[in-house]
>>> print(open('target.cif').read())   # mmCIF, C-alpha atoms
data_start
#
loop_
_atom_site.label_atom_id
_atom_site.label_comp_id
_atom_site.auth_asym_id
_atom_site.auth_seq_id
_atom_site.Cartn_x
_atom_site.Cartn_y
_atom_site.Cartn_z
CA MET V 1 -30.04 -34.65 23.63
CA LYS V 2 -28.54 -37.80 25.09
CA VAL V 3 -28.99 -41.00 23.07
CA VAL V 4 -28.72 -44.13 25.23
CA THR V 5 -29.03 -47.77 24.28
CA HIS V 6 -28.38 -49.50 27.60
CA ILE V 7 -30.71 -49.77 30.58
CA ARG V 8 -27.92 -49.04 33.06
CA GLU V 9 -27.16 -45.66 31.48
CA LEU V 10 -30.84 -44.77 31.24
CA LYS V 11 -31.38 -45.49 34.94
CA GLU V 12 -28.40 -43.33 35.87
CA LEU V 13 -29.88 -40.39 33.94
CA ILE V 14 -33.30 -40.95 35.51
CA ARG V 15 -31.82 -41.02 39.03
CA MET V 16 -29.94 -37.80 38.32
CA ASN V 17 -33.17 -36.06 37.31
CA GLN V 18 -35.03 -37.48 40.31
CA ARG V 19 -32.42 -35.97 42.63
CA LYS V 20 -33.18 -32.61 41.02
CA GLN V 21 -36.91 -33.29 41.50
CA HIS V 22 -37.53 -32.85 37.80
CA SER V 23 -40.86 -33.86 36.32
CA VAL V 24 -40.45 -36.40 33.52
CA GLY V 25 -42.66 -36.67 30.44
CA PHE V 26 -42.36 -39.99 28.61
CA VAL V 27 -43.22 -40.72 24.97
CA PRO V 28 -42.93 -44.44 24.09
CA THR V 29 -42.74 -45.10 20.33
CA MET V 30 -41.71 -47.71 17.79
CA GLY V 31 -39.91 -45.09 15.75
CA PHE V 32 -40.20 -43.94 12.14
CA LEU V 33 -41.47 -40.74 13.71
CA HIS V 34 -44.19 -38.66 12.11
CA GLU V 35 -46.08 -35.54 13.18
CA GLY V 36 -48.30 -37.57 15.51
CA HIS V 37 -45.30 -38.68 17.55
CA LEU V 38 -43.83 -35.20 17.47
CA GLN V 39 -47.07 -33.72 18.77
CA LEU V 40 -46.83 -36.06 21.76
CA ALA V 41 -43.25 -34.92 22.37
CA LYS V 42 -44.27 -31.28 21.98
CA GLU V 43 -46.98 -31.66 24.64
CA ALA V 44 -44.50 -33.43 26.92
CA ARG V 45 -41.97 -30.63 26.37
CA GLU V 46 -44.51 -28.00 27.39
CA GLN V 47 -45.60 -29.84 30.52
CA ASN V 48 -42.40 -31.31 32.00
CA ASP V 49 -38.84 -30.47 33.01
CA VAL V 50 -37.41 -33.48 31.16
CA VAL V 51 -38.68 -35.37 28.10
CA VAL V 52 -37.76 -39.01 27.54
CA MET V 53 -38.65 -40.76 24.28
CA SER V 54 -38.11 -44.45 23.60
CA ILE V 55 -37.77 -46.02 20.17
CA PHE V 56 -38.20 -49.77 20.32
CA VAL V 57 -39.90 -52.03 17.78
CA ASN V 58 -41.34 -54.52 20.23
CA PRO V 59 -41.44 -58.08 18.86
CA LEU V 60 -43.93 -59.24 21.50
CA GLN V 61 -46.74 -57.23 19.95
CA PHE V 62 -46.35 -58.63 16.43
CA GLY V 63 -48.15 -61.81 15.40
CA PRO V 64 -46.51 -64.55 13.28
CA ASN V 65 -47.83 -63.12 10.00
CA GLU V 66 -47.38 -59.44 10.85
CA ASP V 67 -44.80 -56.92 9.71
CA PHE V 68 -42.11 -56.95 12.44
CA GLU V 69 -39.19 -57.40 10.04
CA SER V 70 -40.54 -54.94 7.48
CA TYR V 71 -41.75 -52.35 9.99
CA PRO V 72 -40.23 -49.06 8.82
CA ARG V 73 -37.08 -47.98 10.66
CA ASP V 74 -34.85 -44.92 10.25
CA ILE V 75 -33.05 -44.26 13.52
CA LYS V 76 -30.81 -41.44 12.24
CA ARG V 77 -33.79 -39.50 10.92
CA ASP V 78 -35.67 -40.18 14.17
CA GLN V 79 -32.79 -38.85 16.25
CA CYS V 80 -32.78 -35.58 14.29
CA LEU V 81 -36.53 -35.15 14.65
CA ALA V 82 -36.51 -35.99 18.36
CA GLU V 83 -33.72 -33.53 19.10
CA ALA V 84 -35.40 -30.78 17.07
CA ILE V 85 -38.67 -31.12 19.01
CA GLY V 86 -36.87 -30.91 22.37
CA VAL V 87 -36.41 -34.50 23.58
CA ASP V 88 -33.75 -34.67 26.33
CA ILE V 89 -33.16 -38.43 26.51
CA LEU V 90 -33.70 -40.81 23.58
CA PHE V 91 -33.70 -44.47 24.64
CA THR V 92 -33.05 -46.82 21.72
CA PRO V 93 -32.46 -50.33 23.08
CA ASP V 94 -32.16 -53.43 20.92
CA VAL V 95 -34.25 -56.55 21.49
CA LYS V 96 -31.54 -58.28 23.56
CA GLU V 97 -31.41 -55.31 25.91
CA MET V 98 -35.16 -55.41 26.62
CA TYR V 99 -35.55 -59.20 26.54
CA LYS V 100 -32.28 -60.76 27.67
CA GLU V 101 -33.82 -64.24 27.50
CA LYS V 102 -37.24 -65.82 27.20
CA PRO V 103 -39.43 -63.94 29.72
CA SER V 104 -40.33 -65.66 32.97
CA VAL V 105 -43.29 -63.32 33.42
CA THR V 106 -45.42 -61.42 30.93
CA VAL V 107 -48.55 -59.30 31.31
CA SER V 108 -51.87 -60.79 30.19
CA VAL V 109 -54.62 -58.30 29.36
CA GLN V 110 -58.08 -59.61 30.29
CA LYS V 111 -60.45 -56.81 29.24
CA ARG V 112 -60.90 -54.27 26.43
CA THR V 113 -59.11 -56.54 23.92
CA ASP V 114 -61.83 -58.78 22.46
CA VAL V 115 -63.05 -56.13 19.98
CA LEU V 116 -61.56 -53.91 17.25
CA CYS V 117 -57.86 -54.65 16.52
CA GLY V 118 -57.50 -56.88 19.55
CA LYS V 119 -60.09 -59.36 18.28
CA LYS V 120 -57.92 -60.45 15.35
CA ARG V 121 -54.55 -59.94 17.03
CA PRO V 122 -54.46 -62.33 20.00
CA GLY V 123 -51.54 -61.57 22.27
CA HIS V 124 -50.88 -58.16 20.72
CA PHE V 125 -51.92 -56.14 23.75
CA ASP V 126 -50.18 -58.60 26.07
CA GLY V 127 -46.99 -57.58 24.26
CA VAL V 128 -47.84 -53.89 24.52
CA ALA V 129 -48.60 -54.15 28.23
CA THR V 130 -45.48 -56.19 28.93
CA VAL V 131 -43.07 -53.78 27.27
CA LEU V 132 -44.78 -50.72 28.76
CA THR V 133 -44.57 -52.22 32.24
CA LYS V 134 -40.82 -52.57 31.71
CA LEU V 135 -40.48 -49.04 30.30
CA PHE V 136 -42.60 -47.43 33.03
CA HIS V 137 -40.38 -49.01 35.71
CA LEU V 138 -37.22 -47.85 33.91
CA VAL V 139 -38.29 -44.27 33.18
CA GLU V 140 -40.53 -43.67 36.22
CA PRO V 141 -42.28 -40.81 34.43
CA THR V 142 -44.55 -38.17 35.88
CA LYS V 143 -46.71 -38.22 32.75
CA VAL V 144 -46.88 -40.57 29.77
CA TYR V 145 -48.20 -39.55 26.35
CA PHE V 146 -50.17 -41.60 23.80
CA GLY V 147 -52.08 -40.67 20.67
CA LEU V 148 -55.79 -41.39 20.43
CA LYS V 149 -55.42 -42.71 16.89
CA ASP V 150 -54.86 -46.05 18.57
CA ALA V 151 -57.71 -45.54 21.03
CA GLN V 152 -57.93 -49.21 22.00
CA GLN V 153 -54.29 -49.12 23.07
CA VAL V 154 -55.01 -46.04 25.19
CA ALA V 155 -57.97 -47.84 26.79
CA VAL V 156 -55.85 -50.90 27.60
CA ILE V 157 -53.03 -48.77 29.04
CA ASP V 158 -55.55 -46.82 31.12
CA ALA V 159 -56.79 -50.09 32.66
CA MET V 160 -53.25 -51.45 33.16
CA MET V 161 -52.09 -48.32 34.95
CA GLU V 162 -55.12 -48.43 37.24
CA ASP V 163 -54.79 -52.15 38.02
CA PHE V 164 -51.03 -51.99 38.66
CA PHE V 165 -51.22 -48.72 40.66
CA PHE V 166 -48.77 -46.85 38.44
CA ASP V 167 -48.39 -43.36 39.88
CA ILE V 168 -48.27 -41.85 36.39
CA GLN V 169 -50.65 -39.47 34.66
CA LEU V 170 -51.87 -40.75 31.29
CA VAL V 171 -52.14 -37.95 28.74
CA SER V 172 -54.10 -38.91 25.61
CA VAL V 173 -53.50 -36.59 22.67
CA PRO V 174 -55.95 -36.11 19.77
CA THR V 175 -55.10 -37.71 16.43
CA VAL V 176 -52.85 -35.62 14.20
CA ARG V 177 -54.13 -35.49 10.63
CA GLU V 178 -53.08 -34.52 7.16
CA GLU V 179 -54.85 -31.52 5.62
CA ASP V 180 -57.31 -33.86 3.91
CA GLY V 181 -58.19 -35.62 7.18
CA LEU V 182 -56.10 -38.78 6.87
CA ALA V 183 -54.67 -39.81 10.24
CA LYS V 184 -50.88 -39.63 10.37
CA SER V 185 -49.35 -43.11 10.46
CA SER V 186 -45.99 -44.76 9.82
CA ARG V 187 -47.83 -47.18 7.52
CA ASN V 188 -49.15 -44.45 5.19
CA VAL V 189 -45.91 -44.75 3.21
CA TYR V 190 -47.16 -48.14 1.96
CA LEU V 191 -50.21 -46.66 0.20
CA SER V 192 -50.14 -46.49 -3.57
CA GLU V 193 -50.85 -43.12 -5.17
CA ALA V 194 -54.44 -44.14 -5.94
CA GLU V 195 -54.97 -45.51 -2.43
CA ARG V 196 -53.60 -42.31 -0.91
CA GLN V 197 -56.29 -40.41 -2.81
CA GLU V 198 -58.97 -42.71 -1.39
CA ALA V 199 -57.68 -42.86 2.18
CA PRO V 200 -59.31 -39.61 3.45
CA THR V 201 -62.66 -41.38 2.96
CA LEU V 202 -62.01 -43.17 6.26
CA PHE V 203 -62.28 -39.99 8.30
CA GLN V 204 -65.15 -38.73 6.16
CA ALA V 205 -67.06 -41.93 6.92
CA LEU V 206 -66.44 -41.55 10.64
CA LYS V 207 -67.61 -37.94 10.61
CA ARG V 208 -70.75 -38.94 8.73
CA GLY V 209 -71.53 -41.46 11.46
CA GLN V 210 -70.81 -38.95 14.21
CA THR V 211 -72.98 -36.32 12.55
CA ALA V 212 -75.87 -38.77 12.34
CA VAL V 213 -75.59 -39.43 16.07
CA GLU V 214 -75.36 -35.72 16.85
CA ASN V 215 -78.53 -35.25 14.79
CA GLY V 216 -80.39 -37.76 16.95
CA GLU V 217 -79.63 -41.24 15.61
CA ARG V 218 -79.15 -43.66 18.51
CA ASP V 219 -79.25 -47.06 16.76
CA PRO V 220 -75.69 -48.44 16.38
CA LYS V 221 -76.78 -50.65 13.46
CA ARG V 222 -77.97 -47.66 11.43
CA VAL V 223 -74.79 -45.72 12.17
CA HIS V 224 -72.79 -48.80 11.12
CA GLN V 225 -74.66 -48.93 7.81
CA LEU V 226 -73.97 -45.27 7.08
CA ILE V 227 -70.26 -45.70 7.67
CA GLU V 228 -70.10 -48.94 5.68
CA LYS V 229 -71.76 -47.25 2.70
CA GLU V 230 -69.02 -44.61 2.65
CA LEU V 231 -66.14 -47.05 3.08
CA LEU V 232 -67.37 -49.25 0.23
CA LYS V 233 -66.54 -46.36 -2.09
CA THR V 234 -62.85 -47.16 -1.62
CA SER V 235 -60.84 -50.07 -3.05
CA GLY V 236 -59.90 -51.13 0.47
CA GLU V 237 -61.33 -54.12 2.31
CA ILE V 238 -63.27 -53.26 5.46
CA ASP V 239 -61.69 -55.08 8.38
CA TYR V 240 -64.11 -53.82 11.01
CA ILE V 241 -66.51 -51.06 11.97
CA GLY V 242 -66.95 -50.93 15.74
CA ILE V 243 -69.20 -48.79 17.92
CA TYR V 244 -68.65 -49.12 21.68
CA SER V 245 -68.59 -47.33 25.01
CA TYR V 246 -65.23 -45.72 25.77
CA PRO V 247 -62.85 -46.52 27.40
CA HIS V 248 -64.52 -49.76 28.51
CA LEU V 249 -65.16 -50.89 24.91
CA GLU V 250 -68.46 -52.57 25.67
CA PRO V 251 -71.30 -53.01 23.14
CA LEU V 252 -74.19 -50.55 23.19
CA GLN V 253 -77.83 -51.24 22.42
CA SER V 254 -78.50 -47.53 22.21
CA LEU V 255 -75.86 -44.83 21.90
CA ALA V 256 -75.30 -42.83 25.08
CA GLY V 257 -72.37 -41.60 27.16
CA GLN V 258 -68.78 -41.60 25.92
CA VAL V 259 -68.78 -43.42 22.57
CA ILE V 260 -66.09 -44.52 20.13
CA ILE V 261 -66.66 -45.27 16.47
CA ALA V 262 -63.58 -47.08 15.17
CA ILE V 263 -62.71 -48.53 11.77
CA ALA V 264 -59.94 -50.49 10.09
CA VAL V 265 -59.51 -50.80 6.32
CA LYS V 266 -57.00 -53.00 4.49
CA PHE V 267 -55.41 -51.62 1.35
CA SER V 268 -52.94 -53.61 -0.77
CA LYS V 269 -49.92 -53.07 1.51
CA ALA V 270 -51.28 -51.09 4.44
CA ARG V 271 -53.97 -51.56 7.06
CA LEU V 272 -55.24 -48.21 8.32
CA ILE V 273 -57.15 -47.52 11.53
CA ASP V 274 -59.02 -44.42 12.63
CA ASN V 275 -61.70 -43.40 15.12
CA VAL V 276 -63.77 -40.63 16.60
CA ILE V 277 -64.60 -40.39 20.32
CA PHE V 278 -67.41 -38.16 21.49
CA HIS V 279 -70.07 -37.74 24.15
CA VAL V 280 -73.68 -38.66 23.44
CA PRO V 281 -76.14 -37.10 25.90
CA GLU V 282 -78.13 -39.55 28.01
CA SER V 283 -81.91 -39.36 27.82
CA GLY V 284 -82.92 -36.22 29.67
CA GLU V 285 -79.34 -34.93 29.86
CA LYS V 286 -79.06 -31.25 28.97
CA HIS V 287 -76.75 -30.23 26.14
CA VAL V 288 -73.90 -28.04 27.34
#
>>> encode(input="target.cif", output="structure tokens")
Amino acid sequence: MKVVTHIRELKELIRMNQRKQHSVGFVPTMGFLHEGHLQLAKEAREQNDVVVMSIFVNPLQFGPNEDFESYPRDIKRDQCLAEAIGVDILFTPDVKEMYKEKPSVTVSVQKRTDVLCGKKRPGHFDGVATVLTKLFHLVEPTKVYFGLKDAQQVAVIDAMMEDFFFDIQLVSVPTVREEDGLAKSSRNVYLSEAERQEAPTLFQALKRGQTAVENGERDPKRVHQLIEKELLKTSGEIDYIGIYSYPHLEPLQSLAGQVIIAIAVKFSKARLIDNVIFHVPESGEKHV
């Protein structure tokens, strides 16, 4: 595995692989790798000639009161994990490499951001879209891999790639979970022992809502109430419960089509998100 920190060296490696007509799978991350990231890399390894992973904690996607400075980092551990899973090129730039000076141009996301996490994090997805635009141009991947745990991010990237005509295939990978159902996350390390015991309730609440829909419930308000009742059993503070079409993230009067149920819960030192995405048959649509 080659570890590179400078754009010039990365571009040289990419050009070399392009001359060999190698397919390139790209896994962008902010590091502190867990099994969710490694699953993305594993899928990329199986589907491409070359796997590129980036580790970059992007300051543009953190708000003024968010955890940029305290975001967990362990680059040596990440390098070992990336190499073990089969990454060929690990790109680990610093902030000055990616943003040499105050940007002249940034990306502004206009849709799919006024709900869920985006509603309370203005500018967050602008930062995500800006850094990914840079990374996509540098890596020029055949396929790019993202986890559906952050389903709103996947929806925004899907729209960005379509609007900017990126000739890249977006591969969205199902959420990787602990045995008790808790979604893998770099922020899980901040949970207290008691909170860690409560945290699987998030997925249980989502599954209860999904089951109700699969059993015929079509009123989003009633599904919301069922999920809220479950989440109130924890010591966490409910940040949001959202039920929308997916990937367009538009409100629904009655549940039909591709639907996402997404939640965020704040514990003492960690804010956890999770979701389920599933198809709800339209009226008259036959079950397959």
>>> closest_atom_pairs(input="target.cif", of="segment 128-168 of chain V", to="segment 58-61 of chain V", cutoff="12 Å", atoms="only C-alpha atoms", output="tab-separated table")
residue	atom	partner	partner_atom	distance
V:Val128	CA	V:Gln61	CA	5.8
V:Ala129	CA	V:Gln61	CA	9.0
V:Thr130	CA	V:Leu60	CA	8.2
V:Val131	CA	V:Asn58	CA	7.3
V:Leu132	CA	V:Asn58	CA	10.0
V:Lys134	CA	V:Asn58	CA	11.7
V:Leu135	CA	V:Asn58	CA	11.5
V:Gln153	CA	V:Gln61	CA	11.5
>>> closest_residue(input="target.cif", among="V:Pro72, V:Gly36, V:Gly216, V:Gly86", to="Glu282 of chain V", atoms="all atoms listed in the file")
V:Gly216
>>> atom_distance(input="target.cif", atom1="atom CA of Met160 of chain V", atom2="atom CA of Gly63 of chain V")
21.2 Å
>>> closest_atom_pairs(input="target.cif", of="segment 144-239 of chain V", to="segment 40-51 of chain V", cutoff="8 Å", atoms="all atoms listed in the file", output="Markdown table")
| residue | atom | partner | partner_atom | distance |
| --- | --- | --- | --- | --- |
| V:Tyr145 | CA | V:Leu40 | CA | 5.9 |
| V:Phe146 | CA | V:Leu40 | CA | 6.8 |
| V:Gly147 | CA | V:Leu40 | CA | 7.1 |
| V:Val173 | CA | V:Leu40 | CA | 6.8 |
>>> closest_residue(input="target.cif", among="V:Ala199, V:Met30, V:Ile227, V:Val265", to="Asp180 of chain V", atoms="all atoms listed in the file")
V:Ala199
>>> closest_residue(input="target.cif", among="V:Phe32, V:Phe62, V:Phe165, V:Tyr99", to="Asp78 of chain V", atoms="all atoms listed in the file")
V:Phe32
>>> closest_residue(input="target.cif", among="V:Gly181, V:Pro200, V:Pro28, V:Gly242", to="Leu90 of chain V", atoms="only C-alpha atoms")
V:Pro28
>>> atom_distance(input="target.cif", atom1="atom CA of Ser108 of chain V", atom2="atom CA of Glu69 of chain V")
24.0 Å
